[in-house]
>>> print(open('run_2.txt').read())   # compact mmCIF, C-alpha atoms
# COMPACT_ATOMS: atom_id res chain seq x y z
CA MET A 1 128.74 -31.01 -14.08
CA LYS A 2 125.37 -32.75 -14.05
CA LYS A 3 123.08 -32.26 -11.07
CA GLU A 4 121.90 -35.86 -10.78
CA VAL A 5 119.35 -36.83 -8.15
CA ILE A 6 118.08 -40.22 -7.02
CA VAL A 7 114.29 -40.17 -7.05
CA LEU A 8 112.46 -42.77 -4.96
CA ASN A 9 108.74 -43.56 -4.85
CA CYS A 10 108.11 -46.26 -2.25
CA GLY A 11 104.79 -48.09 -2.24
CA SER A 12 103.60 -50.79 0.11
CA SER A 13 105.10 -53.56 -2.05
CA SER A 14 107.27 -51.71 -4.54
CA VAL A 15 110.03 -49.14 -4.94
CA LYS A 16 110.18 -47.09 -8.12
CA PHE A 17 113.53 -45.39 -8.66
CA ALA A 18 115.40 -43.25 -11.14
CA ILE A 19 118.48 -41.09 -11.53
CA ILE A 20 117.34 -37.78 -12.98
CA ASP A 21 119.37 -34.85 -14.24
CA ALA A 22 117.68 -32.04 -12.30
CA GLU A 23 118.39 -29.52 -15.07
CA THR A 24 117.35 -31.50 -18.17
CA GLY A 25 115.01 -34.17 -16.80
CA GLU A 26 117.04 -36.87 -18.52
CA ALA A 27 116.81 -40.27 -16.81
CA GLY A 28 119.99 -42.32 -17.21
CA LEU A 29 118.55 -45.02 -14.97
CA SER A 30 114.99 -45.96 -14.10
CA GLY A 31 113.34 -49.04 -12.70
CA ILE A 32 111.18 -50.74 -10.13
CA ALA A 33 111.55 -53.31 -7.38
CA GLU A 34 108.19 -55.02 -7.11
CA ALA A 35 106.27 -57.86 -5.43
CA LEU A 36 108.16 -57.07 -2.23
CA GLY A 37 107.31 -59.50 0.55
CA ASN A 38 106.44 -62.22 -1.95
CA SER A 39 108.36 -65.17 -3.30
CA ASP A 40 108.64 -63.60 -6.77
CA ALA A 41 110.14 -60.24 -5.71
CA SER A 42 112.22 -58.81 -8.53
CA LEU A 43 114.18 -55.78 -9.69
CA SER A 44 113.77 -54.45 -13.23
CA TYR A 45 115.57 -51.42 -14.62
CA LYS A 46 116.69 -49.64 -17.76
CA LEU A 47 120.23 -48.27 -17.82
CA ASN A 48 121.23 -46.11 -20.78
CA GLY A 49 118.50 -47.72 -22.86
CA LYS A 50 119.35 -51.33 -21.96
CA LYS A 51 116.79 -53.32 -19.97
CA GLU A 52 117.83 -55.65 -17.15
CA LYS A 53 115.95 -57.82 -14.66
CA GLN A 54 117.05 -59.79 -11.61
CA ALA A 55 115.38 -61.78 -8.88
CA LEU A 56 115.49 -60.46 -5.32
CA PRO A 57 115.84 -62.71 -2.26
CA GLU A 58 112.60 -64.54 -1.44
CA LYS A 59 110.18 -62.25 0.44
CA ALA A 60 112.62 -59.33 0.12
CA GLY A 61 111.43 -56.13 1.75
CA HIS A 62 112.28 -52.46 1.27
CA THR A 63 115.71 -52.87 2.89
CA GLU A 64 116.77 -55.65 0.52
CA ALA A 65 115.28 -53.81 -2.45
CA LEU A 66 117.13 -50.58 -1.69
CA ASP A 67 120.34 -52.53 -1.11
CA ALA A 68 120.01 -54.02 -4.60
CA ILE A 69 119.06 -50.63 -6.08
CA SER A 70 122.06 -48.94 -4.43
CA LYS A 71 124.38 -51.54 -6.00
CA VAL A 72 122.91 -50.80 -9.44
CA ILE A 73 123.33 -47.07 -8.83
CA ALA A 74 126.93 -47.58 -7.66
CA SER A 75 127.69 -49.51 -10.85
CA THR A 76 126.80 -46.44 -12.93
CA GLY A 77 129.54 -44.32 -11.39
CA VAL A 78 127.05 -41.51 -10.86
CA GLN A 79 127.69 -39.21 -7.90
CA PRO A 80 124.18 -38.11 -6.85
CA ILE A 81 123.81 -34.78 -5.07
CA ALA A 82 120.54 -35.58 -3.25
CA ILE A 83 117.68 -38.04 -2.91
CA GLY A 84 114.14 -36.92 -3.63
CA HIS A 85 111.24 -38.85 -2.10
CA ARG A 86 107.63 -38.74 -3.22
CA VAL A 87 105.22 -38.56 -0.27
CA VAL A 88 101.50 -38.61 -0.95
CA HIS A 89 100.05 -36.64 1.97
CA GLY A 90 101.53 -33.55 3.59
CA GLY A 91 98.29 -32.14 4.99
CA GLU A 92 98.29 -28.37 5.46
CA LYS A 93 101.74 -28.29 7.04
CA PHE A 94 103.80 -28.64 3.87
CA LYS A 95 103.30 -26.06 1.17
CA GLN A 96 106.59 -26.99 -0.52
CA ALA A 97 109.34 -29.61 -0.47
CA ALA A 98 111.12 -30.21 2.83
CA LEU A 99 114.51 -31.44 3.96
CA VAL A 100 114.05 -34.60 6.00
CA ASP A 101 114.58 -34.32 9.75
CA ASP A 102 112.89 -35.89 12.75
CA SER A 103 110.02 -33.37 12.72
CA VAL A 104 109.31 -34.07 9.04
CA LEU A 105 109.30 -37.83 9.61
CA GLU A 106 106.93 -37.36 12.55
CA ALA A 107 104.58 -35.23 10.45
CA ILE A 108 104.51 -37.81 7.63
CA GLU A 109 103.51 -40.44 10.18
CA ASP A 110 100.88 -38.14 11.66
CA TYR A 111 99.29 -37.69 8.23
CA ALA A 112 99.28 -41.44 7.60
CA SER A 113 95.70 -41.67 8.87
CA MET A 114 94.69 -39.62 5.80
CA ALA A 115 96.64 -41.84 3.38
CA PRO A 116 97.27 -45.13 5.22
CA LEU A 117 98.20 -47.12 2.12
CA HIS A 118 100.72 -44.53 0.99
CA ASN A 119 102.34 -42.49 3.75
CA MET A 120 103.59 -45.38 5.88
CA ALA A 121 105.15 -47.01 2.81
CA ASN A 122 106.70 -43.65 1.86
CA LEU A 123 108.02 -43.29 5.40
CA LYS A 124 109.54 -46.77 5.39
CA GLY A 125 111.30 -45.96 2.14
CA ILE A 126 112.75 -42.71 3.48
CA VAL A 127 114.11 -44.30 6.66
CA THR A 128 115.59 -47.23 4.72
CA ALA A 129 117.16 -44.91 2.15
CA GLN A 130 118.65 -42.74 4.90
CA ALA A 131 120.48 -45.81 6.19
CA ALA A 132 121.70 -46.64 2.67
CA TYR A 133 122.70 -43.04 1.85
CA PRO A 134 123.49 -41.32 5.17
CA ASP A 135 125.66 -38.59 3.64
CA LEU A 136 123.17 -37.26 1.09
CA PRO A 137 120.40 -34.73 1.75
CA HIS A 138 117.01 -36.43 1.69
CA VAL A 139 114.15 -34.26 0.46
CA VAL A 140 110.42 -35.02 0.48
CA VAL A 141 108.08 -33.68 -2.20
CA PHE A 142 104.39 -33.94 -1.36
CA ASP A 143 101.52 -34.65 -3.77
CA THR A 144 99.37 -32.25 -1.77
CA SER A 145 101.66 -29.20 -1.70
CA PHE A 146 100.64 -27.86 -5.11
CA PHE A 147 97.05 -27.53 -3.90
CA GLN A 148 97.73 -25.41 -0.85
CA THR A 149 96.66 -22.39 -2.95
CA LEU A 150 93.05 -23.65 -3.16
CA PRO A 151 90.58 -21.11 -1.73
CA LYS A 152 88.31 -22.24 1.09
CA LYS A 153 85.28 -22.26 -1.22
CA ALA A 154 87.03 -25.07 -3.13
CA PHE A 155 88.47 -27.18 -0.31
CA ILE A 156 85.90 -26.96 2.50
CA TYR A 157 83.30 -29.74 2.64
CA ALA A 158 79.74 -28.83 3.64
CA LEU A 159 80.19 -30.49 7.03
CA PRO A 160 80.34 -28.98 10.53
CA MET A 161 83.35 -26.64 10.52
CA SER A 162 84.61 -28.25 13.71
CA LEU A 163 85.58 -31.32 11.64
CA TYR A 164 87.94 -29.15 9.62
CA ARG A 165 89.33 -27.26 12.60
CA GLU A 166 89.82 -30.28 14.85
CA HIS A 167 90.45 -33.13 12.41
CA GLY A 168 91.65 -31.55 9.17
CA ILE A 169 88.71 -32.86 7.15
CA ARG A 170 88.94 -31.03 3.80
CA ARG A 171 89.82 -31.54 0.14
CA TYR A 172 93.61 -31.83 -0.23
CA GLY A 173 94.15 -32.90 -3.85
CA PHE A 174 96.79 -35.25 -5.24
CA HIS A 175 98.94 -35.76 -8.36
CA GLY A 176 100.36 -32.32 -7.54
CA THR A 177 103.79 -32.97 -9.07
CA SER A 178 102.17 -33.95 -12.37
CA HIS A 179 99.85 -30.94 -12.50
CA LYS A 180 102.78 -28.65 -11.62
CA PHE A 181 104.87 -30.12 -14.44
CA ILE A 182 102.02 -29.61 -16.92
CA LEU A 183 101.57 -26.00 -15.76
CA ASP A 184 105.29 -25.24 -16.20
CA SER A 185 105.35 -27.00 -19.58
CA MET A 186 102.31 -25.14 -20.87
CA ALA A 187 103.81 -21.81 -19.79
CA LYS A 188 106.79 -22.58 -22.03
CA ILE A 189 104.60 -23.80 -24.91
CA LEU A 190 102.43 -20.68 -24.73
CA ASP A 191 105.47 -18.45 -24.14
CA LYS A 192 103.87 -16.94 -21.05
CA PRO A 193 105.02 -16.50 -17.45
CA VAL A 194 103.78 -19.30 -15.18
CA SER A 195 102.01 -16.62 -13.16
CA ASP A 196 99.95 -15.69 -16.22
CA THR A 197 99.16 -19.23 -17.42
CA SER A 198 95.66 -20.68 -16.92
CA ILE A 199 94.78 -24.28 -17.78
CA ILE A 200 92.52 -27.20 -16.94
CA SER A 201 94.82 -30.17 -16.53
CA ALA A 202 93.53 -33.77 -16.73
CA HIS A 203 95.90 -36.38 -15.31
CA LEU A 204 94.50 -39.74 -16.42
CA GLY A 205 96.09 -43.02 -15.38
CA ASN A 206 95.03 -45.78 -13.02
CA GLY A 207 94.45 -42.82 -10.68
CA CYS A 208 92.79 -39.79 -12.27
CA SER A 209 92.33 -36.12 -11.41
CA VAL A 210 91.43 -32.80 -12.99
CA SER A 211 92.85 -29.51 -11.74
CA ALA A 212 91.73 -25.96 -12.39
CA ILE A 213 94.75 -23.65 -12.54
CA GLU A 214 94.13 -19.92 -12.82
CA LYS A 215 97.13 -17.64 -13.44
CA GLY A 216 99.66 -20.16 -12.12
CA GLN A 217 97.77 -21.23 -9.01
CA ALA A 218 95.63 -24.29 -8.37
CA VAL A 219 92.11 -23.11 -7.55
CA ASP A 220 90.20 -26.41 -7.62
CA THR A 221 90.83 -30.14 -8.04
CA SER A 222 88.78 -33.31 -8.24
CA LEU A 223 90.59 -35.52 -5.72
CA GLY A 224 89.64 -34.84 -2.13
CA PHE A 225 90.44 -35.97 1.41
CA ILE A 226 91.97 -39.18 0.01
CA PRO A 227 92.65 -40.15 -3.64
CA LEU A 228 89.11 -41.52 -4.13
CA GLU A 229 86.81 -38.58 -4.88
CA GLY A 230 86.07 -37.21 -8.35
CA LEU A 231 86.59 -39.06 -11.62
CA VAL A 232 86.05 -42.72 -12.42
CA MET A 233 89.49 -44.36 -12.13
CA GLY A 234 91.01 -47.76 -12.84
CA THR A 235 89.68 -49.44 -9.70
CA ARG A 236 88.36 -46.45 -7.70
CA CYS A 237 84.73 -45.32 -7.90
CA GLY A 238 85.17 -41.55 -7.72
CA ASP A 239 82.08 -39.53 -6.74
CA LEU A 240 79.14 -41.41 -5.24
CA ASP A 241 76.23 -40.79 -2.86
CA PRO A 242 77.72 -40.38 0.66
CA SER A 243 75.09 -42.72 2.09
CA LEU A 244 76.21 -45.68 -0.02
CA PRO A 245 79.14 -46.97 2.09
CA GLY A 246 76.91 -47.32 5.16
CA THR A 247 74.10 -48.84 3.10
CA LEU A 248 76.49 -51.33 1.50
CA GLN A 249 77.83 -52.34 4.91
CA LYS A 250 74.33 -53.28 6.00
CA LYS A 251 73.20 -54.93 2.77
CA LEU A 252 76.38 -56.91 2.21
CA GLY A 253 77.25 -57.57 5.84
CA LYS A 254 80.74 -56.18 5.36
CA THR A 255 83.04 -54.15 7.60
CA ALA A 256 84.03 -50.55 6.93
CA ASP A 257 87.47 -51.75 5.80
CA GLU A 258 85.90 -54.22 3.37
CA ILE A 259 83.69 -51.49 1.90
CA SER A 260 86.73 -49.23 1.58
CA ASP A 261 88.47 -52.05 -0.30
CA LEU A 262 85.44 -52.38 -2.60
CA LEU A 263 85.42 -48.64 -3.39
CA ASN A 264 89.19 -48.40 -3.89
CA LYS A 265 90.15 -51.70 -5.49
CA GLN A 266 87.05 -53.30 -7.04
CA SER A 267 85.24 -50.34 -8.61
CA GLY A 268 85.93 -47.82 -11.38
CA LEU A 269 86.63 -49.17 -14.86
CA LEU A 270 87.14 -52.65 -13.43
CA GLY A 271 83.84 -52.66 -11.55
CA ILE A 272 81.76 -51.31 -14.42
CA SER A 273 83.29 -53.46 -17.17
CA GLU A 274 83.67 -56.60 -15.04
CA LEU A 275 86.69 -57.17 -17.25
CA SER A 276 89.74 -55.00 -16.52
CA ASN A 277 91.03 -51.74 -15.09
CA ASP A 278 93.40 -51.36 -18.05
CA CYS A 279 92.10 -48.86 -20.58
CA ARG A 280 93.95 -50.55 -23.46
CA THR A 281 92.22 -53.86 -22.73
CA LEU A 282 88.85 -52.11 -22.50
CA GLU A 283 89.31 -50.23 -25.77
CA ASP A 284 90.14 -53.47 -27.59
CA ALA A 285 87.18 -55.24 -25.99
CA ALA A 286 84.83 -52.34 -26.77
CA LEU A 287 85.77 -52.54 -30.46
CA GLU A 288 84.83 -56.22 -30.35
CA GLY A 289 81.41 -55.36 -28.90
CA HIS A 290 81.95 -56.00 -25.18
CA GLU A 291 79.07 -54.05 -23.61
CA GLY A 292 80.72 -53.72 -20.19
CA ALA A 293 83.86 -52.22 -21.73
CA GLN A 294 81.80 -49.86 -23.87
CA LEU A 295 79.82 -48.67 -20.86
CA ALA A 296 82.95 -48.22 -18.71
CA ILE A 297 84.56 -45.99 -21.34
CA GLU A 298 81.35 -44.03 -21.86
CA ILE A 299 80.94 -43.34 -18.13
CA PHE A 300 84.65 -42.51 -17.72
CA CYS A 301 84.52 -39.91 -20.50
CA TYR A 302 81.18 -38.42 -19.49
CA ARG A 303 82.30 -37.89 -15.89
CA LEU A 304 85.57 -36.39 -17.12
CA ALA A 305 83.79 -34.03 -19.51
CA LYS A 306 81.50 -32.81 -16.73
CA TYR A 307 84.47 -32.00 -14.49
CA ILE A 308 86.31 -30.16 -17.24
CA ALA A 309 83.19 -28.16 -18.07
CA GLY A 310 82.60 -27.38 -14.39
CA TYR A 311 86.15 -26.10 -13.96
CA MET A 312 85.65 -23.54 -16.72
CA VAL A 313 83.80 -21.63 -14.00
CA ALA A 314 86.98 -21.58 -11.92
CA VAL A 315 89.32 -20.58 -14.77
CA PRO A 316 87.94 -17.44 -16.45
CA THR A 317 91.18 -16.74 -18.35
CA LEU A 318 91.49 -20.31 -19.70
CA ASP A 319 94.38 -20.78 -22.14
CA ALA A 320 94.06 -24.51 -22.78
CA ILE A 321 92.71 -27.89 -21.74
CA VAL A 322 95.54 -30.39 -21.30
CA PHE A 323 95.60 -34.19 -21.19
CA THR A 324 98.42 -36.13 -19.50
CA GLY A 325 99.15 -39.42 -17.71
CA GLY A 326 99.19 -42.90 -19.23
CA ILE A 327 95.61 -42.73 -20.53
CA GLY A 328 95.60 -39.00 -21.20
CA GLU A 329 98.76 -39.20 -23.31
CA ASN A 330 98.10 -42.44 -25.18
CA SER A 331 94.35 -42.87 -25.70
CA SER A 332 93.11 -40.89 -28.67
CA LEU A 333 89.71 -42.55 -28.16
CA ILE A 334 89.32 -41.23 -24.60
CA ARG A 335 90.30 -37.72 -25.71
CA GLU A 336 88.00 -37.82 -28.74
CA THR A 337 85.04 -39.15 -26.75
CA THR A 338 85.53 -36.68 -23.90
CA MET A 339 85.96 -33.62 -26.07
CA GLY A 340 83.02 -34.69 -28.22
CA TYR A 341 80.82 -33.31 -25.43
CA PHE A 342 82.29 -29.83 -26.07
CA ALA A 343 81.30 -29.39 -29.72
CA HIS A 344 78.54 -26.93 -28.79
CA PHE A 345 81.18 -24.90 -26.90
CA GLY A 346 83.11 -24.58 -30.15
CA ILE A 347 85.95 -26.82 -28.88
CA THR A 348 86.79 -29.37 -31.58
CA LEU A 349 89.68 -31.77 -32.18
CA ASP A 350 91.75 -32.38 -35.28
CA GLU A 351 91.42 -36.14 -35.82
CA GLN A 352 94.90 -36.60 -37.31
CA LYS A 353 96.63 -34.46 -34.69
CA ASN A 354 94.80 -36.35 -31.95
CA THR A 355 96.06 -39.66 -33.34
CA ASP A 356 99.61 -38.39 -33.86
CA ALA A 357 99.87 -37.08 -30.27
CA ARG A 358 100.04 -40.60 -28.80
CA PHE A 359 103.04 -42.42 -27.33
CA GLY A 360 105.02 -39.50 -26.02
CA GLN A 361 104.64 -37.18 -29.00
CA GLY A 362 102.18 -34.72 -27.45
CA GLY A 363 101.26 -31.42 -29.03
CA LYS A 364 98.21 -29.34 -29.88
CA ILE A 365 95.27 -31.51 -30.93
CA SER A 366 92.45 -28.98 -31.34
CA THR A 367 91.42 -27.54 -34.68
CA GLU A 368 92.73 -24.12 -35.68
CA ASN A 369 89.32 -22.50 -35.24
CA ALA A 370 88.55 -24.14 -31.89
CA SER A 371 87.32 -21.68 -29.25
CA THR A 372 89.78 -23.15 -26.70
CA ALA A 373 93.06 -24.93 -27.43
CA VAL A 374 93.48 -28.57 -26.40
CA TYR A 375 96.92 -30.13 -25.85
CA VAL A 376 98.54 -33.42 -24.94
CA VAL A 377 101.65 -33.00 -22.78
CA PRO A 378 103.61 -36.02 -21.48
CA THR A 379 104.14 -35.65 -17.75
CA ASN A 380 107.41 -36.08 -15.85
CA GLU A 381 106.75 -36.17 -12.11
CA GLU A 382 110.24 -37.51 -11.38
CA TRP A 383 111.80 -34.40 -12.90
CA VAL A 384 109.74 -32.17 -10.62
CA ILE A 385 110.89 -34.16 -7.58
CA ALA A 386 114.53 -34.11 -8.74
CA ALA A 387 114.49 -30.37 -9.43
CA GLU A 388 113.03 -29.57 -6.00
CA ALA A 389 115.44 -31.95 -4.23
CA ALA A 390 118.42 -30.38 -6.01
CA THR A 391 117.68 -27.01 -4.43
CA PHE A 392 118.65 -28.48 -1.05
CA ALA A 393 121.97 -29.93 -2.23
>>> encode(input="run_2.txt", output="structure tokens")
Amino acid sequence: MKKEVIVLNCGSSSVKFAIIDAETGEAGLSGIAEALGNSDASLSYKLNGKKEKQALPEKAGHTEALDAISKVIASTGVQPIAIGHRVVHGGEKFKQAALVDDSVLEAIEDYASMAPLHNMANLKGIVTAQAAYPDLPHVVVFDTSFFQTLPKKAFIYALPMSLYREHGIRRYGFHGTSHKFILDSMAKILDKPVSDTSIISAHLGNGCSVSAIEKGQAVDTSLGFIPLEGLVMGTRCGDLDPSLPGTLQKKLGKTADEISDLLNKQSGLLGISELSNDCRTLEDAALEGHEGAQLAIEIFCYRLAKYIAGYMVAVPTLDAIVFTGGIGENSSLIRETTMGYFAHFGITLDEQKNTDARFGQGGKISTENASTAVYVVPTNEEWVIAAEAATFA
């Protein structure tokens, strides 16, 4: 009998969903309800390979979306054993997945100040799904849990310690389910126990992060207090001088919220290129000579290479460097440009293998004589959530 789990990822205006076999990772159903609250709200899904799309009621919210999703799920005849929810921020309280109860819901709300765009939407989705599926166990899996093994030297900011003690100001890290999946996958590929596997994992999508994982435990990561620090991302700036937000407020006459919007939604690849946050669009434009696109890609790869090189300090028994996420899996150009900075380290890519690894194929892309192996591994965050939720069923 299959152990099938409903996996929900609720955003502020969308609900991603899937039915995942917790043992194999197979997704019989996957889809998204999007543009919630707008006149063009819709539900798109793929069921056993067949794509479907339907309009939702005008200005439909999470309740209407989950009602439509539950009808689609019911039509499959699947008898799910649990529902797994992605929640972005679990602070220091949650080191692993948790069965939803009143205290868990309260904690998710408490941590919303650290991820205001994410946690409240996640919370709304959980409460709505509980009403739709009152008889199933609801389990939350936190992006931050994987990074609770970070040592203090990696997560403490050089601020007064009272800010950490009294307000929880520290680096938390995100994309934990993806980095965990890559760690587990690489342990199988290398035929090693997870506890003896050491990698530098680069999750590259619209949001980006690099994690240093030494002998099965996360020891450093690029994302910090919120998912803004570190790498250049689709619309997020990543690292910058801490004085800039205040300076920009004064120079531009904007509020703190407006500056936050600028850093999170108007920067990164979009801000540099003045064209797009989509890496595919930028690559095409760069080939045609668009200087903004060329510069955006160059900065993206240079910043990424510096982080990977820096994390070699944190991973002395490094087995491999791994690329994943939409960009990491599909852009041979980004991988080639980034790893080009490592030629003097003796880390070189096989051009053909790098090209062949795109579009879900994955595999080893470094040359046979490279000093460190480089891999592409497609991620599957939903499988991680389903597997953890199934343990509570």
>>> residues_around(input="run_2.txt", residues="A:Thr391", least_positions_apart="4", cutoff="12 Å", atoms="only C-alpha atoms", output="list of chain:residue names")
A:Lys3, A:Glu4, A:Val5, A:Ala22, A:Glu23, A:Ile81, A:Ala82, A:Ile83, A:Gly84, A:Gln96, A:Ala97, A:Ala98, A:Leu99, A:Pro137, A:His138, A:Val139, A:Val140, A:Val141, A:Val384, A:Ile385, A:Ala386, A:Ala387
>>> atom_distance(input="run_2.txt", atom1="atom CA of A:Asp350", atom2="atom CA of A:Ala370")
9.5 Å
>>> closest_atom_pairs(input="run_2.txt", of="stretch 129-223 of chain A", to="stretch 293-305 of chain A", cutoff="9 Å", atoms="only C-alpha atoms", output="CSV")
residue,atom,partner,partner_atom,distance
A:Ala202,CA,A:Leu304,CA,8.4
A:Ser209,CA,A:Leu304,CA,8.9
A:Val210,CA,A:Leu304,CA,8.0
>>> write_last_selection(input="run_2.txt", atoms="C-alpha atoms", output="PDB file, in the coordinates of the input")
ATOM      1  CA  ALA A 202      93.530 -33.770 -16.730  1.00  0.00           C
ATOM      2  CA  SER A 209      92.330 -36.120 -11.410  1.00  0.00           C
ATOM      3  CA  VAL A 210      91.430 -32.800 -12.990  1.00  0.00           C
TER       4      VAL A 210
END
>>> atom_distance(input="run_2.txt", atom1="atom CA of A:Met114", atom2="atom CA of A:Gly230")
16.7 Å
>>> axis_aligned_box(input="run_2.txt", around="stretch 102-111 of chain A", padding_each_side="6 Å", output="JSON")
{"center_x": 106.1, "center_y": -36.9, "center_z": 10.2, "size_x": 25.6, "size_y": 19.1, "size_z": 17.1}
>>> closest_residue(input="run_2.txt", among="A:Gly11, A:Gln130, A:Asp102, A:Ile108", to="A:Asp67", atoms="all atoms listed in the file")
A:Gln130
>>> closest_residue(input="run_2.txt", among="A:Asp21, A:His167, A:Glu26, A:Val15", to="A:Tyr45", atoms="only C-alpha atoms")
A:Val15
>>> residues_around(input="run_2.txt", residues="A:Ala158", least_positions_apart="4", cutoff="12 Å", atoms="all atoms listed in the file", output="PDB file with C-alpha atoms, keeping the file's coordinate frame")
ATOM      1  CA  LYS A 152      88.310 -22.240   1.090  1.00  0.00           C
ATOM      2  CA  LYS A 153      85.280 -22.260  -1.220  1.00  0.00           C
ATOM      3  CA  ALA A 154      87.030 -25.070  -3.130  1.00  0.00           C
ATOM      4  CA  SER A 162      84.610 -28.250  13.710  1.00  0.00           C
ATOM      5  CA  LEU A 163      85.580 -31.320  11.640  1.00  0.00           C
ATOM      6  CA  TYR A 164      87.940 -29.150   9.620  1.00  0.00           C
ATOM      7  CA  ILE A 169      88.710 -32.860   7.150  1.00  0.00           C
ATOM      8  CA  ARG A 170      88.940 -31.030   3.800  1.00  0.00           C
ATOM      9  CA  ARG A 171      89.820 -31.540   0.140  1.00  0.00           C
TER      10      ARG A 171
END
>>> atom_distance(input="run_2.txt", atom1="atom CA of A:Gly363", atom2="atom CA of A:Tyr307")
22.2 Å
>>> residues_around(input="run_2.txt", residues="stretch 318-320 of chain A", least_positions_apart="2", cutoff="6 Å", atoms="only C-alpha atoms", output="PyMOL selection string")
chain A and resi 198-199+315-316+372-374
>>> closest_residue(input="run_2.txt", among="A:Ser75, A:Lys53, A:Cys279, A:Glu368", to="A:Ile347", atoms="only C-alpha atoms")
A:Glu368
>>> closest_atom_pairs(input="run_2.txt", of="stretch 361-380 of chain A", to="stretch 172-192 of chain A", cutoff="7 Å", atoms="all atoms listed in the file", output="Markdown table")
| residue | atom | partner | partner_atom | distance |
| --- | --- | --- | --- | --- |
| A:Val377 | CA | A:Ile182 | CA | 6.8 |
| A:Thr379 | CA | A:Ser178 | CA | 6.0 |
| A:Asn380 | CA | A:Phe181 | CA | 6.6 |
>>> residues_around(input="run_2.txt", residues="A:Ala129", least_positions_apart="2", cutoff="9 Å", atoms="all atoms listed in the file", output="VMD selection string")
chain A and resid 8 63 66 to 67 83 124 to 127 131 to 134 138
>>> build_atoms(input="run_2.txt", residues="stretch 257-272 of chain A", atoms="N, CA and C atoms", output="compact mmCIF listing (two decimals), in the frame of the given file")
# COMPACT_ATOMS: atom_id res chain seq x y z
N ASP A 257 86.24 -51.51 6.57
CA ASP A 257 87.47 -51.75 5.80
C ASP A 257 87.17 -52.51 4.51
N GLU A 258 86.25 -53.45 4.57
CA GLU A 258 85.90 -54.22 3.37
C GLU A 258 85.19 -53.35 2.35
N ILE A 259 84.36 -52.43 2.82
CA ILE A 259 83.69 -51.49 1.90
C ILE A 259 84.71 -50.54 1.29
N SER A 260 85.67 -50.08 2.09
CA SER A 260 86.73 -49.23 1.58
C SER A 260 87.51 -49.96 0.48
N ASP A 261 87.77 -51.24 0.69
CA ASP A 261 88.47 -52.05 -0.30
C ASP A 261 87.65 -52.15 -1.59
N LEU A 262 86.34 -52.30 -1.44
CA LEU A 262 85.44 -52.38 -2.60
C LEU A 262 85.49 -51.09 -3.41
N LEU A 263 85.44 -49.94 -2.71
CA LEU A 263 85.42 -48.64 -3.39
C LEU A 263 86.76 -48.31 -4.04
N ASN A 264 87.85 -48.75 -3.42
CA ASN A 264 89.19 -48.40 -3.89
C ASN A 264 89.79 -49.39 -4.88
N LYS A 265 89.44 -50.68 -4.73
CA LYS A 265 90.15 -51.70 -5.49
C LYS A 265 89.27 -52.55 -6.40
N GLN A 266 87.94 -52.44 -6.24
CA GLN A 266 87.05 -53.30 -7.04
C GLN A 266 86.08 -52.52 -7.90
N SER A 267 86.22 -51.20 -7.94
CA SER A 267 85.24 -50.34 -8.61
C SER A 267 85.83 -49.71 -9.87
N GLY A 268 85.39 -48.53 -10.22
CA GLY A 268 85.93 -47.82 -11.38
C GLY A 268 85.73 -48.60 -12.67
N LEU A 269 86.70 -48.48 -13.57
CA LEU A 269 86.63 -49.17 -14.86
C LEU A 269 86.49 -50.67 -14.68
N LEU A 270 87.21 -51.22 -13.71
CA LEU A 270 87.14 -52.65 -13.43
C LEU A 270 85.73 -53.05 -13.01
N GLY A 271 85.16 -52.32 -12.07
CA GLY A 271 83.84 -52.66 -11.55
C GLY A 271 82.75 -52.56 -12.60
N ILE A 272 82.79 -51.50 -13.41
CA ILE A 272 81.76 -51.31 -14.42
C ILE A 272 81.88 -52.36 -15.53
